[in-house]
Amino acid sequence: MTDACIVLTTVALHETAIAMARTLVEERLAACVNVAPAVESIYWWQGKIDHSLEYVLMMKTSRGKVASLRERLLKLHPYEVPEFVVLAVETGGEAYLQWIRESVGE
(Lines give C-alpha, C1' and ligand atoms only; values in the text may rest on other atoms or scores of the structure.)
Protein backbone atom coordinates (compact mmCIF):
# COMPACT_ATOMS: atom_id res chain seq x y z
CA MET A 1 0.00 0.00 0.00
CA THR A 2 1.23 3.51 -0.82
CA ASP A 3 0.42 6.87 0.73
CA ALA A 4 -1.13 8.06 -2.56
CA CYS A 5 -4.88 8.53 -2.93
CA ILE A 6 -7.30 9.38 -5.67
CA VAL A 7 -10.21 11.52 -4.54
CA LEU A 8 -13.38 11.75 -6.62
CA THR A 9 -16.06 14.41 -6.84
CA THR A 10 -18.49 15.71 -9.46
CA VAL A 11 -19.82 19.15 -10.40
CA ALA A 12 -22.41 20.34 -12.89
CA LEU A 13 -20.46 23.05 -14.72
CA HIS A 14 -17.19 22.74 -16.62
CA GLU A 15 -16.09 26.22 -15.49
CA THR A 16 -16.61 25.20 -11.85
CA ALA A 17 -14.62 22.00 -12.36
CA ILE A 18 -11.68 23.88 -13.91
CA ALA A 19 -11.70 26.59 -11.23
CA MET A 20 -11.80 24.02 -8.42
CA ALA A 21 -9.03 21.94 -10.03
CA ARG A 22 -6.77 24.96 -10.45
CA THR A 23 -7.32 26.11 -6.85
CA LEU A 24 -6.62 22.66 -5.37
CA VAL A 25 -3.39 22.29 -7.37
CA GLU A 26 -2.25 25.87 -6.66
CA GLU A 27 -2.80 25.29 -2.94
CA ARG A 28 -0.81 22.02 -3.16
CA LEU A 29 -3.71 19.94 -1.90
CA ALA A 30 -3.57 17.88 -5.09
CA ALA A 31 -0.65 17.09 -7.36
CA CYS A 32 -2.99 16.83 -10.34
CA VAL A 33 -6.70 17.03 -10.99
CA ASN A 34 -8.13 15.34 -14.08
CA VAL A 35 -11.43 16.80 -15.27
CA ALA A 36 -13.29 14.15 -17.23
CA PRO A 37 -15.87 15.06 -19.86
CA ALA A 38 -19.50 15.17 -18.87
CA VAL A 39 -20.95 11.93 -17.54
CA GLU A 40 -24.62 11.21 -17.00
CA SER A 41 -25.56 10.69 -13.38
CA ILE A 42 -28.79 9.10 -12.22
CA TYR A 43 -29.33 9.32 -8.47
CA TRP A 44 -31.75 9.70 -5.59
CA TRP A 45 -32.15 13.31 -4.44
CA GLN A 46 -34.79 14.71 -2.12
CA GLY A 47 -37.04 11.68 -2.40
CA LYS A 48 -37.00 11.27 -6.18
CA ILE A 49 -34.76 9.98 -8.92
CA ASP A 50 -32.85 12.79 -10.65
CA HIS A 51 -30.73 12.86 -13.80
CA SER A 52 -28.00 15.33 -14.74
CA LEU A 53 -24.77 15.82 -16.64
CA GLU A 54 -21.72 16.26 -14.45
CA TYR A 55 -17.95 16.57 -14.73
CA VAL A 56 -15.81 14.14 -12.74
CA LEU A 57 -12.77 15.48 -10.90
CA MET A 58 -10.08 12.91 -10.11
CA MET A 59 -7.64 14.40 -7.62
CA LYS A 60 -4.23 12.79 -7.00
CA THR A 61 -2.95 13.47 -3.50
CA SER A 62 -1.40 11.84 -0.44
CA ARG A 63 -3.15 10.48 2.64
CA GLY A 64 -1.59 13.26 4.67
CA LYS A 65 -3.46 15.88 2.61
CA VAL A 66 -6.89 14.22 2.53
CA ALA A 67 -8.34 16.07 5.54
CA SER A 68 -7.19 19.48 4.24
CA LEU A 69 -8.39 18.63 0.75
CA ARG A 70 -11.81 17.64 2.12
CA GLU A 71 -12.11 20.86 4.11
CA ARG A 72 -11.16 23.04 1.12
CA LEU A 73 -13.30 21.11 -1.35
CA LEU A 74 -16.37 21.48 0.87
CA LYS A 75 -15.84 25.27 0.90
CA LEU A 76 -15.41 25.46 -2.87
CA HIS A 77 -18.10 22.98 -3.88
CA PRO A 78 -21.51 24.31 -4.97
CA TYR A 79 -23.44 21.13 -4.07
CA GLU A 80 -25.32 20.77 -0.81
CA VAL A 81 -23.98 17.20 -0.47
CA PRO A 82 -20.84 16.88 -2.61
CA GLU A 83 -19.29 13.55 -3.44
CA PHE A 84 -15.99 13.02 -1.62
CA VAL A 85 -14.72 9.48 -2.17
CA VAL A 86 -11.13 8.54 -1.33
CA LEU A 87 -9.56 5.58 -3.14
CA ALA A 88 -6.28 4.22 -1.84
CA VAL A 89 -3.58 3.56 -4.42
CA GLU A 90 -2.34 0.07 -3.71
CA THR A 91 0.75 0.29 -5.90
CA GLY A 92 2.20 2.43 -8.66
CA GLY A 93 5.35 3.59 -10.37
CA GLU A 94 7.76 4.84 -7.71
CA ALA A 95 8.74 7.93 -9.71
CA TYR A 96 5.06 8.87 -10.13
CA LEU A 97 4.30 8.29 -6.45
CA GLN A 98 7.32 10.41 -5.49
CA TRP A 99 6.09 13.18 -7.82
CA ILE A 100 2.71 13.18 -6.01
CA ARG A 101 4.44 13.47 -2.61
CA GLU A 102 6.70 16.28 -3.81
CA SER A 103 3.86 18.13 -5.55
CA VAL A 104 1.74 18.28 -2.40
CA GLY A 105 4.72 19.23 -0.27
CA GLU A 106 5.28 15.95 1.57
# chains A, B, ... in the order shown; residues from 1 in each chain; ligands from 1
call {"tool": "residues_around", "arguments": {"residues": "segment 2-15 of chain A", "least_positions_apart": "4", "cutoff": "9 Å", "atoms": "only C-alpha atoms", "output": "NGL selection string"}}
result
:A and (19-20 or 35 or 37-38 or 52-64 or 66 or 77-79 or 82-92 or 97 or 100-101)
call {"tool": "select_by_dssp", "arguments": {"residues": "chain A", "states": "alpha helix (DSSP H)", "output": "PyMOL selection string"}}
result
chain A and resi 14-26+66-76+94-103
call {"tool": "write_last_selection", "arguments": {"atoms": "N, CA, C and O atoms", "output": "short mmCIF file (atom, residue, chain, number, x, y, z; two decimals), in the first residue's frame"}}
result
data_model
loop_
_atom_site.label_atom_id
_atom_site.label_comp_id
_atom_site.auth_asym_id
_atom_site.auth_seq_id
_atom_site.Cartn_x
_atom_site.Cartn_y
_atom_site.Cartn_z
N HIS A 14 -18.59 22.89 -16.24
CA HIS A 14 -17.19 22.74 -16.62
C HIS A 14 -16.34 23.86 -16.00
O HIS A 14 -15.25 23.62 -15.49
N GLU A 15 -16.83 25.08 -16.03
CA GLU A 15 -16.09 26.22 -15.49
C GLU A 15 -15.82 26.02 -14.00
O GLU A 15 -14.74 26.36 -13.50
N THR A 16 -16.79 25.48 -13.27
CA THR A 16 -16.61 25.20 -11.85
C THR A 16 -15.55 24.13 -11.65
O THR A 16 -14.69 24.25 -10.77
N ALA A 17 -15.60 23.09 -12.46
CA ALA A 17 -14.62 22.00 -12.36
C ALA A 17 -13.20 22.53 -12.58
O ALA A 17 -12.28 22.20 -11.81
N ILE A 18 -13.01 23.34 -13.60
CA ILE A 18 -11.68 23.88 -13.91
C ILE A 18 -11.20 24.80 -12.79
O ILE A 18 -10.05 24.74 -12.37
N ALA A 19 -12.08 25.66 -12.30
CA ALA A 19 -11.70 26.59 -11.23
C ALA A 19 -11.32 25.83 -9.96
O ALA A 19 -10.32 26.16 -9.31
N MET A 20 -12.11 24.82 -9.61
CA MET A 20 -11.80 24.02 -8.42
C MET A 20 -10.47 23.29 -8.60
O MET A 20 -9.63 23.27 -7.69
N ALA A 21 -10.26 22.68 -9.76
CA ALA A 21 -9.03 21.94 -10.03
C ALA A 21 -7.82 22.85 -9.89
O ALA A 21 -6.83 22.50 -9.23
N ARG A 22 -7.89 24.01 -10.50
CA ARG A 22 -6.77 24.96 -10.45
C ARG A 22 -6.47 25.38 -9.01
O ARG A 22 -5.32 25.40 -8.59
N THR A 23 -7.50 25.69 -8.24
CA THR A 23 -7.32 26.11 -6.85
C THR A 23 -6.66 25.01 -6.03
O THR A 23 -5.72 25.26 -5.27
N LEU A 24 -7.14 23.77 -6.17
CA LEU A 24 -6.62 22.66 -5.37
C LEU A 24 -5.16 22.35 -5.71
O LEU A 24 -4.37 22.00 -4.82
N VAL A 25 -4.79 22.50 -6.98
CA VAL A 25 -3.39 22.29 -7.37
C VAL A 25 -2.53 23.47 -6.90
O VAL A 25 -1.45 23.26 -6.35
N GLU A 26 -3.01 24.70 -7.10
CA GLU A 26 -2.25 25.87 -6.66
C GLU A 26 -1.98 25.83 -5.16
O GLU A 26 -0.91 26.23 -4.71
N VAL A 66 -5.47 14.49 2.74
CA VAL A 66 -6.89 14.22 2.53
C VAL A 66 -7.79 15.11 3.39
O VAL A 66 -8.76 15.67 2.90
N ALA A 67 -7.48 15.26 4.66
CA ALA A 67 -8.34 16.07 5.54
C ALA A 67 -8.38 17.53 5.08
O ALA A 67 -9.46 18.14 5.01
N SER A 68 -7.23 18.10 4.73
CA SER A 68 -7.19 19.48 4.24
C SER A 68 -7.89 19.61 2.90
O SER A 68 -8.59 20.61 2.65
N LEU A 69 -7.72 18.62 2.04
CA LEU A 69 -8.39 18.63 0.75
C LEU A 69 -9.90 18.58 0.94
O LEU A 69 -10.64 19.33 0.30
N ARG A 70 -10.37 17.73 1.84
CA ARG A 70 -11.81 17.64 2.12
C ARG A 70 -12.35 18.98 2.60
O ARG A 70 -13.37 19.47 2.11
N GLU A 71 -11.67 19.58 3.55
CA GLU A 71 -12.11 20.86 4.11
C GLU A 71 -12.21 21.93 3.03
O GLU A 71 -13.19 22.66 2.93
N ARG A 72 -11.18 22.02 2.18
CA ARG A 72 -11.16 23.04 1.12
C ARG A 72 -12.21 22.74 0.06
O ARG A 72 -12.90 23.65 -0.41
N LEU A 73 -12.33 21.49 -0.33
CA LEU A 73 -13.30 21.11 -1.35
C LEU A 73 -14.72 21.44 -0.89
O LEU A 73 -15.52 21.95 -1.68
N LEU A 74 -15.03 21.18 0.36
CA LEU A 74 -16.37 21.48 0.87
C LEU A 74 -16.66 22.97 0.83
O LEU A 74 -17.81 23.38 0.63
N LYS A 75 -15.64 23.81 0.99
CA LYS A 75 -15.84 25.27 0.90
C LYS A 75 -16.04 25.72 -0.54
O LYS A 75 -16.79 26.66 -0.80
N LEU A 76 -15.34 25.08 -1.45
CA LEU A 76 -15.41 25.46 -2.87
C LEU A 76 -16.62 24.89 -3.59
O LEU A 76 -17.10 25.45 -4.58
N GLU A 94 7.14 4.09 -8.81
CA GLU A 94 7.76 4.84 -7.71
C GLU A 94 8.03 6.29 -8.08
O GLU A 94 7.84 7.19 -7.27
N ALA A 95 8.48 6.55 -9.30
CA ALA A 95 8.74 7.93 -9.71
C ALA A 95 7.46 8.76 -9.69
O ALA A 95 7.46 9.91 -9.27
N TYR A 96 6.35 8.17 -10.13
CA TYR A 96 5.06 8.87 -10.13
C TYR A 96 4.59 9.13 -8.70
O TYR A 96 4.14 10.23 -8.36
N LEU A 97 4.71 8.13 -7.84
CA LEU A 97 4.30 8.29 -6.45
C LEU A 97 5.15 9.35 -5.75
O LEU A 97 4.62 10.14 -4.96
N GLN A 98 6.43 9.38 -6.05
CA GLN A 98 7.32 10.41 -5.49
C GLN A 98 6.90 11.79 -5.99
O GLN A 98 6.91 12.76 -5.24
N TRP A 99 6.55 11.91 -7.26
CA TRP A 99 6.09 13.18 -7.82
C TRP A 99 4.84 13.67 -7.09
O TRP A 99 4.74 14.87 -6.78
N ILE A 100 3.90 12.78 -6.77
CA ILE A 100 2.71 13.18 -6.01
C ILE A 100 3.14 13.75 -4.66
O ILE A 100 2.71 14.83 -4.27
N ARG A 101 3.99 13.01 -3.94
CA ARG A 101 4.44 13.47 -2.61
C ARG A 101 5.09 14.84 -2.70
O ARG A 101 4.79 15.74 -1.91
N GLU A 102 5.99 15.01 -3.66
CA GLU A 102 6.70 16.28 -3.81
C GLU A 102 5.74 17.41 -4.21
O GLU A 102 5.86 18.54 -3.71
N SER A 103 4.78 17.12 -5.06
CA SER A 103 3.86 18.13 -5.55
C SER A 103 2.93 18.67 -4.47
O SER A 103 2.49 19.81 -4.54
#
call {"tool": "atom_distance", "arguments": {"atom1": "atom CA of Ser41 of chain A", "atom2": "atom CA of Glu80 of chain A"}}
result
16.1 Å
call {"tool": "atom_distance", "arguments": {"atom1": "atom CA of Val33 of chain A", "atom2": "atom CA of Val104 of chain A"}}
result
12.1 Å
call {"tool": "atom_distance", "arguments": {"atom1": "atom CA of Leu29 of chain A", "atom2": "atom CA of Tyr43 of chain A"}}
result
28.5 Å
call {"tool": "decode", "arguments": {"residues": "segment 92-106 of chain A", "atoms": "N, CA and C atoms", "output": "mmCIF file, in the first residue's frame"}}
result
data_model
loop_
_atom_site.group_PDB
_atom_site.id
_atom_site.type_symbol
_atom_site.label_atom_id
_atom_site.label_comp_id
_atom_site.auth_asym_id
_atom_site.auth_seq_id
_atom_site.Cartn_x
_atom_site.Cartn_y
_atom_site.Cartn_z
ATOM 1 N N GLY A 92 2.020 1.549 -7.513
ATOM 2 C CA GLY A 92 2.195 2.426 -8.664
ATOM 3 C C GLY A 92 3.674 2.603 -8.947
ATOM 4 N N GLY A 93 3.957 3.305 -10.021
ATOM 5 C CA GLY A 93 5.349 3.590 -10.367
ATOM 6 C C GLY A 93 5.973 4.480 -9.302
ATOM 7 N N GLU A 94 7.138 4.095 -8.811
ATOM 8 C CA GLU A 94 7.762 4.836 -7.711
ATOM 9 C C GLU A 94 8.028 6.291 -8.081
ATOM 10 N N ALA A 95 8.477 6.549 -9.299
ATOM 11 C CA ALA A 95 8.742 7.929 -9.710
ATOM 12 C C ALA A 95 7.459 8.759 -9.693
ATOM 13 N N TYR A 96 6.350 8.168 -10.131
ATOM 14 C CA TYR A 96 5.060 8.873 -10.127
ATOM 15 C C TYR A 96 4.590 9.134 -8.699
ATOM 16 N N LEU A 97 4.711 8.135 -7.838
ATOM 17 C CA LEU A 97 4.296 8.288 -6.449
ATOM 18 C C LEU A 97 5.148 9.346 -5.746
ATOM 19 N N GLN A 98 6.431 9.384 -6.051
ATOM 20 C CA GLN A 98 7.318 10.412 -5.489
ATOM 21 C C GLN A 98 6.904 11.790 -5.990
ATOM 22 N N TRP A 99 6.545 11.906 -7.258
ATOM 23 C CA TRP A 99 6.088 13.178 -7.823
ATOM 24 C C TRP A 99 4.842 13.674 -7.092
ATOM 25 N N ILE A 100 3.902 12.779 -6.771
ATOM 26 C CA ILE A 100 2.714 13.176 -6.008
ATOM 27 C C ILE A 100 3.143 13.747 -4.658
ATOM 28 N N ARG A 101 3.988 13.013 -3.940
ATOM 29 C CA ARG A 101 4.436 13.471 -2.611
ATOM 30 C C ARG A 101 5.094 14.840 -2.698
ATOM 31 N N GLU A 102 5.987 15.007 -3.658
ATOM 32 C CA GLU A 102 6.695 16.284 -3.814
ATOM 33 C C GLU A 102 5.741 17.408 -4.206
ATOM 34 N N SER A 103 4.783 17.117 -5.056
ATOM 35 C CA SER A 103 3.857 18.128 -5.549
ATOM 36 C C SER A 103 2.925 18.672 -4.472
ATOM 37 N N VAL A 104 2.616 17.833 -3.486
ATOM 38 C CA VAL A 104 1.740 18.284 -2.404
ATOM 39 C C VAL A 104 2.544 18.691 -1.165
ATOM 40 N N GLY A 105 3.875 18.729 -1.330
ATOM 41 C CA GLY A 105 4.721 19.226 -0.268
ATOM 42 C C GLY A 105 4.990 18.249 0.851
ATOM 43 N N GLU A 106 4.990 16.960 0.534
ATOM 44 C CA GLU A 106 5.279 15.954 1.571
ATOM 45 C C GLU A 106 6.556 15.220 1.251
#
